[in-house]
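Each remark here refers to the structure printed beneath this line.
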Amino acid sequence: MEPKGVIFDIKKFAVHDGPGIRTTIFFKGCPMDCWWCHNPESHSTEPETITRQVFTGSSSKACFERKELIGKEISLDEIIQVIMKDQVFYEISSGGVTFSGGEPLLQSKFLLLLLKKSKELGLHTTLDTSGCASLDVVKEIAKLVDLFLYDLKIVDEEKHSKYTGKSNTIIKQNLEMLTKAGQKVIIRIPIIPTVNDSLEDIKQFGEFLSQLEIIRVELLPFHKIGEDKYRKLNKINRMKDISKPTKEHMIAIKEKLEKYGLLVKLEE
Ligand code: SF4
């Protein structure tokens with residue numbers, strides 16, 4: 001039977017998901033439950049239906065409701081066809097393909113097939129991951145990944161469990177394994193006010209990351225673009241009273257991390 005995976009989006013001409021121009025494939029399903037997640041529609045591995053309220057004119061009342069299917073089963077060949085349509089752009093920009101989510105490692109068998117095929121076709125591969133998978137799975141996948149965009153949310157184990165629903169022990173172990181093996185790794189930290197932006201949090205990030213061979217750290221400010229999705233999915237938004245961090249606060253965090261000898265970049 002033809003191998004299939006469940007994805008919830010494909011972004012073409014992506015320029016923030018690795019080098020050059022890329023196609024980013026978003027896998028559906030995530031083992032974590034981060035309070036600030038702006039893709040709550042990605043959590044379940046199954047396709048799901050949401051009800052979208054449609055407004056027209058100046059009325060604040062919804063005129064009608066529209067059902068929308070989030071996620072679909074797709075075959076390996078179908079995805080490869082979509083990816084290869086932009087091959088010329090990857091070539092001129094040193095770009096390639098990025099696998100993101102959700103958490104792509106949750107569909108590790110399908111991901112492995114996609115990575116194998118991408119490498120056979122000579123594509124640069126990037127994996128955007130939270131690293132929340134077994135050591136064996138990550139080791140196997142890593143052989144086919146040119147660049148990791150590795151999300152690290154919180155260093156303290158107890159706090160990580162509280163805000164993401166999962167321990168970070170395996171996440172830190174996987175990261176240490178990858179960097180010791182010489183993999184190219186960019187760390188991505190979402191800066192979430194009141195969750196991971198205290199002096200103690202930043203100190204823990206600095207102490208942990210400065211021991212690892214990484215390319216750089218990218219700081220991503222919390223934003224509220226997912227707010228509307230929580231309402232549509234009828235899910236509780238635990239961050240509704242939290243504001244995005246100021247530019248000054250982001251710069252202050254960047255400067256603190258740089259004191260640990262880290263190369264740090266601010267993202268929008
Ligand atoms: S790991 Fe990413 S996709 Fe999964 S819940 Fe957290 S923020 Fe959302």
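Convention: chains lettered A, B, ... in structure tokens order; per-chain residue numbering from 1; ligands numbered from 1 as shown.
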10 Å shell around ligand 1 using only C-alpha atoms and all ligand atoms, listed as a PDB file with all heavy atoms, in the first residue's frame:
```
ATOM      1  N   PHE A  26       3.881  20.925   6.771  1.00  0.00           N
ATOM      2  CA  PHE A  26       3.463  20.924   8.177  1.00  0.00           C
ATOM      3  C   PHE A  26       2.752  19.614   8.521  1.00  0.00           C
ATOM      4  O   PHE A  26       1.647  19.363   8.028  1.00  0.00           O
ATOM      5  CB  PHE A  26       2.539  22.116   8.457  1.00  0.00           C
ATOM      6  CG  PHE A  26       3.240  23.444   8.360  1.00  0.00           C
ATOM      7  CD1 PHE A  26       3.332  24.107   7.141  1.00  0.00           C
ATOM      8  CD2 PHE A  26       3.830  24.024   9.479  1.00  0.00           C
ATOM      9  CE1 PHE A  26       3.990  25.333   7.034  1.00  0.00           C
ATOM     10  CE2 PHE A  26       4.489  25.245   9.382  1.00  0.00           C
ATOM     11  CZ  PHE A  26       4.563  25.898   8.167  1.00  0.00           C
ATOM     12  N   PHE A  27       3.392  18.811   9.342  1.00  0.00           N
ATOM     13  CA  PHE A  27       2.817  17.532   9.766  1.00  0.00           C
ATOM     14  C   PHE A  27       1.787  17.766  10.864  1.00  0.00           C
ATOM     15  O   PHE A  27       1.999  18.590  11.755  1.00  0.00           O
ATOM     16  CB  PHE A  27       3.917  16.631  10.343  1.00  0.00           C
ATOM     17  CG  PHE A  27       4.791  15.984   9.312  1.00  0.00           C
ATOM     18  CD1 PHE A  27       5.496  16.733   8.388  1.00  0.00           C
ATOM     19  CD2 PHE A  27       4.915  14.610   9.269  1.00  0.00           C
ATOM     20  CE1 PHE A  27       6.300  16.134   7.444  1.00  0.00           C
ATOM     21  CE2 PHE A  27       5.718  13.992   8.332  1.00  0.00           C
ATOM     22  CZ  PHE A  27       6.410  14.749   7.421  1.00  0.00           C
ATOM     23  N   LYS A  28       0.728  16.983  10.810  1.00  0.00           N
ATOM     24  CA  LYS A  28      -0.307  17.114  11.844  1.00  0.00           C
ATOM     25  C   LYS A  28       0.018  16.163  13.003  1.00  0.00           C
ATOM     26  O   LYS A  28       0.480  15.048  12.784  1.00  0.00           O
ATOM     27  CB  LYS A  28      -1.684  16.813  11.256  1.00  0.00           C
ATOM     28  CG  LYS A  28      -2.819  17.422  12.064  1.00  0.00           C
ATOM     29  CD  LYS A  28      -4.095  17.487  11.262  1.00  0.00           C
ATOM     30  CE  LYS A  28      -5.246  18.119  12.020  1.00  0.00           C
ATOM     31  NZ  LYS A  28      -5.482  17.665  13.357  1.00  0.00           N
ATOM     32  N   GLY A  29      -0.243  16.632  14.221  1.00  0.00           N
ATOM     33  CA  GLY A  29      -0.002  15.803  15.406  1.00  0.00           C
ATOM     34  C   GLY A  29       1.182  16.298  16.196  1.00  0.00           C
ATOM     35  O   GLY A  29       2.237  16.614  15.634  1.00  0.00           O
ATOM     36  N   CYS A  30       0.994  16.447  17.500  1.00  0.00           N
ATOM     37  CA  CYS A  30       2.094  16.865  18.376  1.00  0.00           C
ATOM     38  C   CYS A  30       1.909  16.201  19.736  1.00  0.00           C
ATOM     39  O   CYS A  30       0.797  16.187  20.264  1.00  0.00           O
ATOM     40  CB  CYS A  30       2.106  18.389  18.514  1.00  0.00           C
ATOM     41  SG  CYS A  30       3.516  18.937  19.497  1.00  0.00           S
ATOM     42  N   PRO A  31       2.990  15.657  20.323  1.00  0.00           N
ATOM     43  CA  PRO A  31       2.857  15.017  21.639  1.00  0.00           C
ATOM     44  C   PRO A  31       2.802  16.040  22.772  1.00  0.00           C
ATOM     45  O   PRO A  31       2.492  15.695  23.908  1.00  0.00           O
ATOM     46  CB  PRO A  31       4.130  14.158  21.752  1.00  0.00           C
ATOM     47  CG  PRO A  31       5.127  14.854  20.877  1.00  0.00           C
ATOM     48  CD  PRO A  31       4.352  15.552  19.793  1.00  0.00           C
ATOM     49  N   MET A  32       3.114  17.307  22.457  1.00  0.00           N
ATOM     50  CA  MET A  32       3.137  18.327  23.504  1.00  0.00           C
ATOM     51  C   MET A  32       1.858  19.169  23.462  1.00  0.00           C
ATOM     52  O   MET A  32       1.092  19.109  22.512  1.00  0.00           O
ATOM     53  CB  MET A  32       4.382  19.206  23.353  1.00  0.00           C
ATOM     54  CG  MET A  32       5.617  18.400  23.746  1.00  0.00           C
ATOM     55  SD  MET A  32       7.176  19.022  23.191  1.00  0.00           S
ATOM     56  CE  MET A  32       7.355  20.519  24.039  1.00  0.00           C
ATOM     57  N   ASP A  33       1.697  19.961  24.502  1.00  0.00           N
ATOM     58  CA  ASP A  33       0.508  20.805  24.592  1.00  0.00           C
ATOM     59  C   ASP A  33       0.936  22.143  25.194  1.00  0.00           C
ATOM     60  O   ASP A  33       0.585  22.473  26.330  1.00  0.00           O
ATOM     61  CB  ASP A  33      -0.534  20.090  25.476  1.00  0.00           C
ATOM     62  CG  ASP A  33      -1.808  20.916  25.614  1.00  0.00           C
ATOM     63  OD1 ASP A  33      -2.071  21.750  24.735  1.00  0.00           O
ATOM     64  OD2 ASP A  33      -2.513  20.736  26.628  1.00  0.00           O
ATOM     65  N   CYS A  34       1.728  22.895  24.406  1.00  0.00           N
ATOM     66  CA  CYS A  34       2.278  24.163  24.912  1.00  0.00           C
ATOM     67  C   CYS A  34       1.142  25.170  25.090  1.00  0.00           C
ATOM     68  O   CYS A  34       0.297  25.317  24.199  1.00  0.00           O
ATOM     69  CB  CYS A  34       3.306  24.718  23.938  1.00  0.00           C
ATOM     70  SG  CYS A  34       4.628  23.558  23.557  1.00  0.00           S
ATOM     71  N   TRP A  35       1.174  25.870  26.209  1.00  0.00           N
ATOM     72  CA  TRP A  35       0.095  26.825  26.524  1.00  0.00           C
ATOM     73  C   TRP A  35      -0.047  27.912  25.457  1.00  0.00           C
ATOM     74  O   TRP A  35      -1.113  28.465  25.266  1.00  0.00           O
ATOM     75  CB  TRP A  35       0.380  27.494  27.874  1.00  0.00           C
ATOM     76  CG  TRP A  35       0.136  26.634  29.067  1.00  0.00           C
ATOM     77  CD1 TRP A  35       0.212  25.270  29.127  1.00  0.00           C
ATOM     78  CD2 TRP A  35      -0.222  27.079  30.379  1.00  0.00           C
ATOM     79  NE1 TRP A  35      -0.064  24.837  30.398  1.00  0.00           N
ATOM     80  CE2 TRP A  35      -0.329  25.934  31.197  1.00  0.00           C
ATOM     81  CE3 TRP A  35      -0.435  28.338  30.949  1.00  0.00           C
ATOM     82  CZ2 TRP A  35      -0.663  25.995  32.540  1.00  0.00           C
ATOM     83  CZ3 TRP A  35      -0.756  28.414  32.299  1.00  0.00           C
ATOM     84  CH2 TRP A  35      -0.883  27.247  33.085  1.00  0.00           C
ATOM     85  N   TRP A  36       1.069  28.234  24.785  1.00  0.00           N
ATOM     86  CA  TRP A  36       1.090  29.378  23.869  1.00  0.00           C
ATOM     87  C   TRP A  36       1.003  28.948  22.407  1.00  0.00           C
ATOM     88  O   TRP A  36       1.145  29.775  21.515  1.00  0.00           O
ATOM     89  CB  TRP A  36       2.409  30.150  24.058  1.00  0.00           C
ATOM     90  CG  TRP A  36       3.597  29.257  23.889  1.00  0.00           C
ATOM     91  CD1 TRP A  36       4.237  28.961  22.719  1.00  0.00           C
ATOM     92  CD2 TRP A  36       4.249  28.505  24.906  1.00  0.00           C
ATOM     93  NE1 TRP A  36       5.249  28.076  22.942  1.00  0.00           N
ATOM     94  CE2 TRP A  36       5.289  27.782  24.280  1.00  0.00           C
ATOM     95  CE3 TRP A  36       4.088  28.375  26.286  1.00  0.00           C
ATOM     96  CZ2 TRP A  36       6.137  26.930  24.997  1.00  0.00           C
ATOM     97  CZ3 TRP A  36       4.933  27.526  26.992  1.00  0.00           C
ATOM     98  CH2 TRP A  36       5.939  26.819  26.349  1.00  0.00           C
ATOM     99  N   CYS A  37       0.777  27.684  22.143  1.00  0.00           N
ATOM    100  CA  CYS A  37       0.837  27.168  20.768  1.00  0.00           C
ATOM    101  C   CYS A  37      -0.070  27.989  19.829  1.00  0.00           C
ATOM    102  O   CYS A  37      -1.250  28.180  20.111  1.00  0.00           O
ATOM    103  CB  CYS A  37       0.409  25.705  20.731  1.00  0.00           C
ATOM    104  SG  CYS A  37       0.556  25.003  19.077  1.00  0.00           S
ATOM    105  N   HIS A  38       0.497  28.472  18.719  1.00  0.00           N
ATOM    106  CA  HIS A  38      -0.350  29.232  17.794  1.00  0.00           C
ATOM    107  C   HIS A  38      -0.870  28.354  16.658  1.00  0.00           C
ATOM    108  O   HIS A  38      -1.466  28.851  15.706  1.00  0.00           O
ATOM    109  CB  HIS A  38       0.358  30.493  17.278  1.00  0.00           C
ATOM    110  CG  HIS A  38       1.617  30.232  16.534  1.00  0.00           C
ATOM    111  ND1 HIS A  38       2.856  30.388  17.100  1.00  0.00           N
ATOM    112  CD2 HIS A  38       1.837  29.819  15.273  1.00  0.00           C
ATOM    113  CE1 HIS A  38       3.780  30.087  16.207  1.00  0.00           C
ATOM    114  NE2 HIS A  38       3.192  29.726  15.100  1.00  0.00           N
ATOM    115  N   ASN A  39      -0.624  27.038  16.763  1.00  0.00           N
ATOM    116  CA  ASN A  39      -1.197  26.094  15.801  1.00  0.00           C
ATOM    117  C   ASN A  39      -1.999  25.018  16.534  1.00  0.00           C
ATOM    118  O   ASN A  39      -1.696  23.822  16.401  1.00  0.00           O
ATOM    119  CB  ASN A  39      -0.101  25.411  14.968  1.00  0.00           C
ATOM    120  CG  ASN A  39       0.451  26.311  13.890  1.00  0.00           C
ATOM    121  OD1 ASN A  39      -0.271  27.167  13.373  1.00  0.00           O
ATOM    122  ND2 ASN A  39       1.714  26.132  13.553  1.00  0.00           N
ATOM    123  N   PRO A  40      -3.021  25.400  17.312  1.00  0.00           N
ATOM    124  CA  PRO A  40      -3.756  24.373  18.061  1.00  0.00           C
ATOM    125  C   PRO A  40      -4.434  23.348  17.154  1.00  0.00           C
ATOM    126  O   PRO A  40      -4.707  22.235  17.573  1.00  0.00           O
ATOM    127  CB  PRO A  40      -4.801  25.184  18.851  1.00  0.00           C
ATOM    128  CG  PRO A  40      -4.929  26.472  18.117  1.00  0.00           C
ATOM    129  CD  PRO A  40      -3.597  26.743  17.500  1.00  0.00           C
ATOM    130  N   GLU A  41      -4.636  23.721  15.882  1.00  0.00           N
ATOM    131  CA  GLU A  41      -5.248  22.779  14.933  1.00  0.00           C
ATOM    132  C   GLU A  41      -4.273  21.662  14.557  1.00  0.00           C
ATOM    133  O   GLU A  41      -4.649  20.703  13.880  1.00  0.00           O
ATOM    134  CB  GLU A  41      -5.733  23.517  13.678  1.00  0.00           C
ATOM    135  CG  GLU A  41      -4.653  23.937  12.677  1.00  0.00           C
ATOM    136  CD  GLU A  41      -3.961  25.241  13.037  1.00  0.00           C
ATOM    137  OE1 GLU A  41      -3.839  25.557  14.222  1.00  0.00           O
ATOM    138  OE2 GLU A  41      -3.494  25.927  12.100  1.00  0.00           O
ATOM    139  N   SER A  42      -3.000  21.797  14.991  1.00  0.00           N
ATOM    140  CA  SER A  42      -2.005  20.782  14.618  1.00  0.00           C
ATOM    141  C   SER A  42      -1.872  19.682  15.672  1.00  0.00           C
ATOM    142  O   SER A  42      -1.161  18.711  15.468  1.00  0.00           O
ATOM    143  CB  SER A  42      -0.643  21.455  14.423  1.00  0.00           C
ATOM    144  OG  SER A  42      -0.114  21.853  15.682  1.00  0.00           O
ATOM    145  N   HIS A  43      -2.534  19.798  16.803  1.00  0.00           N
ATOM    146  CA  HIS A  43      -2.260  18.871  17.915  1.00  0.00           C
ATOM    147  C   HIS A  43      -2.683  17.430  17.646  1.00  0.00           C
ATOM    148  O   HIS A  43      -1.943  16.493  17.936  1.00  0.00           O
ATOM    149  CB  HIS A  43      -2.924  19.377  19.199  1.00  0.00           C
ATOM    150  CG  HIS A  43      -2.270  20.628  19.719  1.00  0.00           C
ATOM    151  ND1 HIS A  43      -2.627  21.245  20.887  1.00  0.00           N
ATOM    152  CD2 HIS A  43      -1.268  21.388  19.207  1.00  0.00           C
ATOM    153  CE1 HIS A  43      -1.880  22.320  21.077  1.00  0.00           C
ATOM    154  NE2 HIS A  43      -1.060  22.425  20.064  1.00  0.00           N
ATOM    155  N   SER A  44      -3.872  17.238  17.124  1.00  0.00           N
ATOM    156  CA  SER A  44      -4.354  15.874  16.892  1.00  0.00           C
ATOM    157  C   SER A  44      -3.761  15.327  15.594  1.00  0.00           C
ATOM    158  O   SER A  44      -3.594  16.054  14.621  1.00  0.00           O
ATOM    159  CB  SER A  44      -5.884  15.894  16.798  1.00  0.00           C
ATOM    160  OG  SER A  44      -6.329  14.749  16.126  1.00  0.00           O
ATOM    161  N   SER A 100       8.000  20.477   9.155  1.00  0.00           N
ATOM    162  CA  SER A 100       7.647  21.174  10.389  1.00  0.00           C
ATOM    163  C   SER A 100       6.328  20.607  10.908  1.00  0.00           C
ATOM    164  O   SER A 100       5.855  19.574  10.455  1.00  0.00           O
ATOM    165  CB  SER A 100       7.559  22.674  10.071  1.00  0.00           C
ATOM    166  OG  SER A 100       7.271  23.418  11.221  1.00  0.00           O
ATOM    167  N   GLY A 101       5.710  21.288  11.877  1.00  0.00           N
ATOM    168  CA  GLY A 101       4.455  20.750  12.395  1.00  0.00           C
ATOM    169  C   GLY A 101       3.688  21.797  13.178  1.00  0.00           C
ATOM    170  O   GLY A 101       3.914  22.985  13.003  1.00  0.00           O
ATOM    171  N   GLY A 102       2.924  21.269  14.135  1.00  0.00           N
ATOM    172  CA  GLY A 102       2.925  19.975  14.792  1.00  0.00           C
ATOM    173  C   GLY A 102       4.342  19.481  15.109  1.00  0.00           C
ATOM    174  O   GLY A 102       5.264  20.258  15.232  1.00  0.00           O
ATOM    175  N   GLU A 103       4.471  18.193  15.197  1.00  0.00           N
ATOM    176  CA  GLU A 103       5.777  17.589  15.426  1.00  0.00           C
ATOM    177  C   GLU A 103       5.991  16.489  14.392  1.00  0.00           C
ATOM    178  O   GLU A 103       5.373  15.416  14.491  1.00  0.00           O
ATOM    179  CB  GLU A 103       5.848  17.032  16.863  1.00  0.00           C
ATOM    180  CG  GLU A 103       7.098  16.244  17.156  1.00  0.00           C
ATOM    181  CD  GLU A 103       8.371  16.971  16.735  1.00  0.00           C
ATOM    182  OE1 GLU A 103       8.677  18.013  17.323  1.00  0.00           O
ATOM    183  OE2 GLU A 103       9.050  16.513  15.783  1.00  0.00           O
ATOM    184  N   PRO A 104       6.856  16.727  13.394  1.00  0.00           N
ATOM    185  CA  PRO A 104       7.047  15.737  12.338  1.00  0.00           C
ATOM    186  C   PRO A 104       7.535  14.381  12.852  1.00  0.00           C
ATOM    187  O   PRO A 104       7.254  13.348  12.251  1.00  0.00           O
ATOM    188  CB  PRO A 104       8.073  16.377  11.393  1.00  0.00           C
ATOM    189  CG  PRO A 104       8.430  17.680  11.962  1.00  0.00           C
ATOM    190  CD  PRO A 104       7.599  17.973  13.149  1.00  0.00           C
ATOM    191  N   ASP A 128      12.284  21.030  11.430  1.00  0.00           N
ATOM    192  CA  ASP A 128      11.874  21.937  12.502  1.00  0.00           C
ATOM    193  C   ASP A 128      11.166  21.072  13.552  1.00  0.00           C
ATOM    194  O   ASP A 128      10.080  20.541  13.288  1.00  0.00           O
ATOM    195  CB  ASP A 128      10.918  22.986  11.917  1.00  0.00           C
ATOM    196  CG  ASP A 128      10.454  23.991  12.951  1.00  0.00           C
ATOM    197  OD1 ASP A 128      10.956  23.969  14.084  1.00  0.00           O
ATOM    198  OD2 ASP A 128       9.569  24.788  12.612  1.00  0.00           O
ATOM    199  N   THR A 129      11.804  20.900  14.712  1.00  0.00           N
ATOM    200  CA  THR A 129      11.307  19.913  15.667  1.00  0.00           C
ATOM    201  C   THR A 129      11.438  20.397  17.105  1.00  0.00           C
ATOM    202  O   THR A 129      12.295  21.221  17.416  1.00  0.00           O
ATOM    203  CB  THR A 129      12.098  18.590  15.518  1.00  0.00           C
ATOM    204  OG1 THR A 129      11.634  17.642  16.480  1.00  0.00           O
ATOM    205  CG2 THR A 129      13.595  18.779  15.713  1.00  0.00           C
ATOM    206  N   SER A 130      10.588  19.830  17.968  1.00  0.00           N
ATOM    207  CA  SER A 130      10.742  20.072  19.402  1.00  0.00           C
ATOM    208  C   SER A 130      11.634  19.001  20.021  1.00  0.00           C
ATOM    209  O   SER A 130      11.935  19.057  21.207  1.00  0.00           O
ATOM    210  CB  SER A 130       9.369  20.033  20.080  1.00  0.00           C
ATOM    211  OG  SER A 130       8.840  18.720  19.972  1.00  0.00           O
ATOM    212  N   GLY A 131      12.038  18.005  19.239  1.00  0.00           N
ATOM    213  CA  GLY A 131      12.935  16.955  19.743  1.00  0.00           C
ATOM    214  C   GLY A 131      12.282  15.983  20.696  1.00  0.00           C
ATOM    215  O   GLY A 131      12.961  15.229  21.388  1.00  0.00           O
ATOM    216  N   CYS A 132      10.959  15.994  20.729  1.00  0.00           N
ATOM    217  CA  CYS A 132      10.237  15.148  21.686  1.00  0.00           C
ATOM    218  C   CYS A 132       9.947  13.781  21.055  1.00  0.00           C
ATOM    219  O   CYS A 132       8.836  13.515  20.606  1.00  0.00           O
ATOM    220  CB  CYS A 132       8.947  15.854  22.107  1.00  0.00           C
ATOM    221  SG  CYS A 132       8.122  15.045  23.466  1.00  0.00           S
ATOM    222  N   ASP A 151      13.547  23.478  18.628  1.00  0.00           N
ATOM    223  CA  ASP A 151      12.832  24.351  19.576  1.00  0.00           C
ATOM    224  C   ASP A 151      13.142  23.932  21.009  1.00  0.00           C
ATOM    225  O   ASP A 151      12.934  22.775  21.365  1.00  0.00           O
ATOM    226  CB  ASP A 151      11.311  24.226  19.377  1.00  0.00           C
ATOM    227  CG  ASP A 151      10.883  24.617  17.972  1.00  0.00           C
ATOM    228  OD1 ASP A 151      11.674  25.263  17.278  1.00  0.00           O
ATOM    229  OD2 ASP A 151       9.755  24.262  17.583  1.00  0.00           O
ATOM    230  N   LEU A 152      13.621  24.885  21.782  1.00  0.00           N
ATOM    231  CA  LEU A 152      13.812  24.624  23.211  1.00  0.00           C
ATOM    232  C   LEU A 152      12.954  25.640  23.958  1.00  0.00           C
ATOM    233  O   LEU A 152      13.137  26.847  23.803  1.00  0.00           O
ATOM    234  CB  LEU A 152      15.292  24.772  23.582  1.00  0.00           C
ATOM    235  CG  LEU A 152      15.641  24.366  25.000  1.00  0.00           C
ATOM    236  CD1 LEU A 152      15.419  22.874  25.250  1.00  0.00           C
ATOM    237  CD2 LEU A 152      17.100  24.711  25.322  1.00  0.00           C
ATOM    238  N   LYS A 153      12.021  25.156  24.742  1.00  0.00           N
ATOM    239  CA  LYS A 153      11.033  26.080  25.332  1.00  0.00           C
ATOM    240  C   LYS A 153      11.446  26.549  26.732  1.00  0.00           C
ATOM    241  O   LYS A 153      11.336  27.719  27.049  1.00  0.00           O
ATOM    242  CB  LYS A 153       9.658  25.422  25.436  1.00  0.00           C
ATOM    243  CG  LYS A 153       9.360  24.388  24.333  1.00  0.00           C
ATOM    244  CD  LYS A 153       8.714  24.782  23.190  1.00  0.00           C
ATOM    245  CE  LYS A 153       8.265  23.706  22.243  1.00  0.00           C
ATOM    246  NZ  LYS A 153       8.014  24.260  20.947  1.00  0.00           N
ATOM    247  N   TYR A 163       4.137  23.615  31.603  1.00  0.00           N
ATOM    248  CA  TYR A 163       3.674  24.462  30.496  1.00  0.00           C
ATOM    249  C   TYR A 163       3.572  23.761  29.134  1.00  0.00           C
ATOM    250  O   TYR A 163       3.060  24.333  28.173  1.00  0.00           O
ATOM    251  CB  TYR A 163       4.568  25.689  30.350  1.00  0.00           C
ATOM    252  CG  TYR A 163       4.330  26.713  31.438  1.00  0.00           C
ATOM    253  CD1 TYR A 163       5.258  26.898  32.458  1.00  0.00           C
ATOM    254  CD2 TYR A 163       3.173  27.482  31.448  1.00  0.00           C
ATOM    255  CE1 TYR A 163       5.032  27.834  33.468  1.00  0.00           C
ATOM    256  CE2 TYR A 163       2.939  28.408  32.443  1.00  0.00           C
ATOM    257  CZ  TYR A 163       3.870  28.580  33.452  1.00  0.00           C
ATOM    258  OH  TYR A 163       3.641  29.499  34.444  1.00  0.00           O
ATOM    259  N   THR A 164       4.090  22.538  29.032  1.00  0.00           N
ATOM    260  CA  THR A 164       4.021  21.842  27.730  1.00  0.00           C
ATOM    261  C   THR A 164       3.376  20.467  27.842  1.00  0.00           C
ATOM    262  O   THR A 164       3.122  19.829  26.817  1.00  0.00           O
ATOM    263  CB  THR A 164       5.424  21.640  27.107  1.00  0.00           C
ATOM    264  OG1 THR A 164       6.116  20.646  27.862  1.00  0.00           O
ATOM    265  CG2 THR A 164       6.229  22.922  27.076  1.00  0.00           C
ATOM    266  N   GLY A 165       3.167  20.002  29.091  1.00  0.00           N
ATOM    267  CA  GLY A 165       2.573  18.673  29.274  1.00  0.00           C
ATOM    268  C   GLY A 165       3.564  17.537  29.132  1.00  0.00           C
ATOM    269  O   GLY A 165       3.194  16.369  29.210  1.00  0.00           O
ATOM    270  N   LYS A 166       4.847  17.854  28.905  1.00  0.00           N
ATOM    271  CA  LYS A 166       5.873  16.809  28.734  1.00  0.00           C
ATOM    272  C   LYS A 166       7.159  17.188  29.456  1.00  0.00           C
ATOM    273  O   LYS A 166       7.534  18.368  29.492  1.00  0.00           O
ATOM    274  CB  LYS A 166       6.228  16.645  27.243  1.00  0.00           C
ATOM    275  CG  LYS A 166       5.167  15.952  26.429  1.00  0.00           C
ATOM    276  CD  LYS A 166       5.280  14.445  26.527  1.00  0.00           C
ATOM    277  CE  LYS A 166       4.128  13.787  25.803  1.00  0.00           C
ATOM    278  NZ  LYS A 166       3.989  12.391  26.063  1.00  0.00           N
ATOM    279  N   PRO A 190      10.981  30.288  21.863  1.00  0.00           N
ATOM    280  CA  PRO A 190       9.869  31.236  21.882  1.00  0.00           C
ATOM    281  C   PRO A 190       9.904  31.975  23.222  1.00  0.00           C
ATOM    282  O   PRO A 190       9.978  31.338  24.279  1.00  0.00           O
ATOM    283  CB  PRO A 190       8.631  30.321  21.789  1.00  0.00           C
ATOM    284  CG  PRO A 190       9.075  29.023  22.388  1.00  0.00           C
ATOM    285  CD  PRO A 190      10.570  28.928  22.231  1.00  0.00           C
TER     286      PRO A 190
END
```
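For Gly122 in chain A, the residues within 12 Å (counting only C-alpha atoms, excluding itself and residues fewer than 5 positions away along the chain) are Met84, Gln87, Tyr90, Glu91, Ser94, Gly95, Gly96, Val97, Leu115, Lys116, Lys117, Leu144 and Asp146 of chain A.
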So that I can check the surroundings of range 249-257 of chain A, please list as a ChimeraX atom specification every protein, DNA and RNA residue that reaches within 8 Å of it, counting only C-alpha atoms and ignoring chain neighbours fewer than 4 positions away. /A:191,197,202-203,205-206,219,221,245,261-262,264-266
Hey, can you check how far CA of Ser210 in chain A sits from CA of Val138 in chain A? 22.0 Å
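Counting only C-alpha atoms, the residue from A:Glu207, A:Asp228, A:Glu73, A:Glu157 that sits nearest to Ile170 in chain A is A:Glu157.
You will find CA of Lys240 in chain A at 22.0 Å from CA of Glu267 in chain A.
The spacing separating CA of Val82 in chain A from CA of Gly20 in chain A amounts to 17.4 Å.
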According to DSSP computed on the backbone, where in range 58-165 of chain A is there helix (DSSP H, G or I)? Give the residues as a PyMOL selection string. chain A and resi 76-84+87-93+104-120+135-142+157-164
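Of the residues under consideration (A:Ile154, A:Pro19, A:Lys4, A:Ala181), A:Lys4 shows the shortest atom-to-atom contact distance to Leu113 in chain A when counting only C-alpha atoms.
Compared by their closest atoms to Ser93 in chain A, and using only C-alpha atoms, the residues A:Phe13, A:Phe8, A:Phe208, A:Phe222 rank with A:Phe13 nearest.
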Mind the document's chain letters and residue numbers, and return as a PyMOL selection string the residues of range 50-251 of chain A that DSSP labels strand (DSSP E or B). chain A and resi 50-54+64-70+72-75+96-100+124-129+147-151+185-191+216-221
Next, dump the selected residues to file, keeping only C-alpha atoms, as a CSV table (one decimal), in the first residue's frame.
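Contents of result-v3.csv, as written:
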```csv
chain,number,residue,atom,x,y,z
A,50,ILE,CA,-13.8,23.3,12.6
A,51,THR,CA,-16.7,25.7,12.2
A,52,ARG,CA,-15.7,29.1,10.8
A,53,GLN,CA,-18.1,32.0,11.3
A,54,VAL,CA,-18.3,34.2,8.3
A,64,PHE,CA,-23.4,32.1,8.3
A,65,GLU,CA,-21.1,29.3,9.4
A,66,ARG,CA,-18.8,27.3,7.2
A,67,LYS,CA,-17.3,23.9,8.0
A,68,GLU,CA,-13.6,23.6,7.3
A,69,LEU,CA,-11.5,20.4,7.3
A,70,ILE,CA,-8.1,20.8,8.9
A,72,LYS,CA,-5.6,15.6,5.1
A,73,GLU,CA,-4.0,12.3,4.3
A,74,ILE,CA,-1.5,12.6,1.5
A,75,SER,CA,0.8,10.1,-0.2
A,96,GLY,CA,15.3,23.1,-0.2
A,97,VAL,CA,12.5,21.4,1.8
A,98,THR,CA,11.6,21.9,5.5
A,99,PHE,CA,9.5,19.5,7.6
A,100,SER,CA,7.6,21.2,10.4
A,124,HIS,CA,18.7,20.3,1.2
A,125,THR,CA,16.6,19.1,4.1
A,126,THR,CA,15.7,21.0,7.3
A,127,LEU,CA,13.8,19.5,10.2
A,128,ASP,CA,11.9,21.9,12.5
A,129,THR,CA,11.3,19.9,15.7
A,147,LEU,CA,19.9,21.3,9.3
A,148,PHE,CA,17.9,21.1,12.6
A,149,LEU,CA,15.7,24.0,13.7
A,150,TYR,CA,15.4,22.8,17.3
A,151,ASP,CA,12.8,24.4,19.6
A,185,VAL,CA,21.6,22.9,14.8
A,186,ILE,CA,19.9,26.3,15.2
A,187,ILE,CA,18.1,26.6,18.5
A,188,ARG,CA,14.7,28.4,18.5
A,189,ILE,CA,13.4,29.8,21.8
A,190,PRO,CA,9.9,31.2,21.9
A,191,ILE,CA,9.9,34.0,24.4
A,216,ARG,CA,23.1,30.2,16.8
A,217,VAL,CA,20.1,30.9,19.0
A,218,GLU,CA,17.0,32.5,17.4
A,219,LEU,CA,14.6,34.3,19.8
A,220,LEU,CA,10.9,34.3,18.7
A,221,PRO,CA,8.6,36.7,20.5
```
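Residue nearest Lys244 in chain A, chosen from A:Ile25, A:Leu135, A:Ile215, A:Val195 and counting only C-alpha atoms: A:Val195.
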